Amino acid sequence: MRSQSIPELLLPVGDMRMCLAAIHHGADAIYVGMPQFNARGRTEDFSFEHLGEMINLCHLYGVKVHVAFNIVIFERELKSAHQALLQVLALGPDALIVQDLGLIKMIKTIAPWQEVHGSTQMSVTSDLAIRFLSDLGISRFVLGRENSISDIETIKKNTDCELEVFIHGALCVAYSGQCFTSETIGGRSANRGQCAQSCRFEYDMFVDGEKKDLVDRSYLVSPQDLCGLEQLPQLMEIGVDSFKIEGRLKGAHYVAQAAKSYKAYRDKTLGPSKTVPRELISPMAITYSRGLYSGWLDGVQHQKLVDGRFGSNRGLLVGKILVQKGKSLLISSHHQINKGDGLLFITSKNAEVGSKVYECSQTNDHEFLVSFSNDFDQRLIECGNEVYLNSSSTLYKELDQVIDDKRKQKKIPVNIVLKAHAGEYAELEMSDGVNCVKVKSPELLQEAQKEQDIEKVKKEISSLGGSVFCVGDLQINQSGNTPFLPNKALKVLRKLACSELAAKRTSIEDHQIENFELPHLVTSPKRAPVLNILVRCIEQVEDLLSFNECSRIGSIVLDFEFGADYGKALSLVKAAKIPCGIATNRILRPGEYHHMKSLIRLSPDFILARNLGAVQFLKENQSSIPVRGDFSLNVTNSLSAMHLFEKGFDTLSLSYDLNSDQVVDLIENCPRVDFELTLHQYMPSFHMEHCVFAAFLSKGSSFKDCGKPCEKHKLELRDQFGNTHFIKADSECRNTMFNGTPQSASSLIEKVTSLGVREFRFEALFERGDELIKKISLYLDFLEGDMDSQTLKKSLGVFEKYGLSSGQLNKKDRYLDRKKR
């Protein structure tokens, strides 16, 4: 059994072969998607039958199974989610990884004994957020990939919950659970397992309206892959409970090598040496790599996180082309190249050209003469081009042998005691250290007529090759007259013991499933609508207050890049007798409390909370300021909404994952309808630790040395489809990418007001003066019934450079895997 002091090694599984790769290369646990509901919509969608087979197989080998039920759940799906939950609970998973607060409430109601892990999609980045969620019974939290080792140490010191940390694999540029780019660009939701990989797109950069020449860098928000092998000793010393490897969309070779490398180094760090051997890192790069880097574990380093020249797998950089010799290439390489390997060449124009090696000969220690099939066009490449190794026939053969060859597969050591006495039944006891079985021979043992070779008896009992077991310790206890032990009887005992021990290892504990009542339709009285305005700078506040009808505004929310102007703006708004709130940052990490302390000191009329840690900070600092919840809390069903209302939220903004039908469904089924609907906004898509300003407009690694280009320039990115996106920084230097085309929810107003919703929001971005006032005036007229939706949209279109859309609200897409389209 694995010692509790050694962190769990948790591997990704997208199909059965990946599962076998994980088991036989050292995984302590795997995580796999929930049938019908999981955050990797492109993986193989298992049936519950197949999932059950996988869980049994893993448990047989002593490997835990965590089932990822980690997407937001829409109102109409609560019933099917409940049915799916009943099916998966019957399979005996070790844990469910969950994002949705309402779903956790459901799980803990019907199965209070079931272990639940908080998904990284919950955007938990502080011990404050963990304490806020303490009443839900979550035993482990998967921290945000952006948390540094220093953050993790602080969190661990301030919680008794287990912590799971990503140590290898792809890095999303946006905080998990805070990415709406797939929604705005591709019509799919990252919170629904349908990520469109928008961070891997090419983008052009425009600075103050002018296109910036970045030479060969166009993958501006595509981070290198995470490799935390060097940071393993520090994380182990902190007491991290689980090391998680990303990659359910990758293959068995990737899983096998990652498990092999991390297990080898994890176990090695228990000894005196803490130097990472190259032979552990290079094979992982061959199986999949966009470049390997420590991510955010050592803190931000804006010049290193994003290379900018590529956004997809290149493999291991091994050398360059020295000479072109007819149809062959002479390549310098620090790594062995063999026939059947895959090579990728990077041209002088940063294009990628690849081929399989047809023939290869080594000319000296670091030079290889390689040739390719006749269809490989060498005119595309030239001397000096970089060479990457992105598949290795030798490596893959070695990894496949462990998966396929029973002699090399994982074995479970067992201790065996055989008790044999003439005139009695033979008894064989087999134990794996936790489970123990005892089986007896069907017949009494006869006295031996001659001395029996005890070594042959041991050999027969130890012949466990057809099972998952191997003998650790073997004892044979005999007394009195020597019994005769026929091989057939020994074989029967051995097979019966193996079968019963395997059954014990895969048995599922019987639990009582409690009842759960799903929400019912409710009705609420219609109320007069109110328009709240969110502004990004004090100049917009001054513009608003110059509006001679500003008294028609319900409230003003301040969401400034820098907090220095909050005091003055708050005073101006209060003097105008308009309620004024201040928004928190979207993310709160340990030590980032200056902003929160300022909010408490300023004492606005309310606080717009964008993360749960901020709400807990207010509570622990005895703040009585009313709290409203923003879209970033990802409320998509009435169960989640009611949980947060019961925790003290005055109002809640619904998740931007919802379309119009889903918004209505939620409101109709929620006992409280104190929701705020965003009526007009530029969709905040990526919210990222990566600072595009610092990375490409400075040589600085952080705010300490970047020169703050965000204060001097307006930055836009244009994607490969021609869509424009604005970039803004917040007070912690995190960037938000806003879709350049605003969206309007005006078509939804009549229906939701009839259901009792009265709070609506207009979010300004860069609008100033007459443009800002005119837009707000139009929306006020619309809400007060003086204008219809079509006239409103036509009037607004005059101001919008990139048009006006209804965004995701009119999309009717349901959750659907891309493989099923």
# chains A, B, ... in the order shown; residues from 1 in each chain; ligands from 1
>>> select_by_dssp(residues="region 404-574 of chain A", states="alpha helix (DSSP H)", output="ChimeraX atom specification")
/A:404,454-461,487-505,538-545,566-574
>>> residues_around(residues="Ile727 (chain A)", least_positions_apart="2", cutoff="12 Å", atoms="only C-alpha atoms", output="PyMOL selection string")
chain A and resi 205-208+221+561+682-688+690-694+709-711+713-718+724-725+729-730+733-740+765-766
>>> residues_around(residues="region 529-540 of chain A", least_positions_apart="6", cutoff="10 Å", atoms="only C-alpha atoms", output="VMD selection string")
chain A and resid 546 552 to 566 568 to 570 572 579 to 583 676 to 681 728 749 753 756 to 769 772 to 773 776 779 to 780 783 to 784
>>> atom_distance(atom1="CA of Arg601 (chain A)", atom2="CA of Pro626 (chain A)")
14.0 Å
>>> closest_residue(among="A:Val67, A:Lys356, A:Asp28, A:Lys438", to="Tyr262 (chain A)", atoms="only C-alpha atoms")
A:Asp28
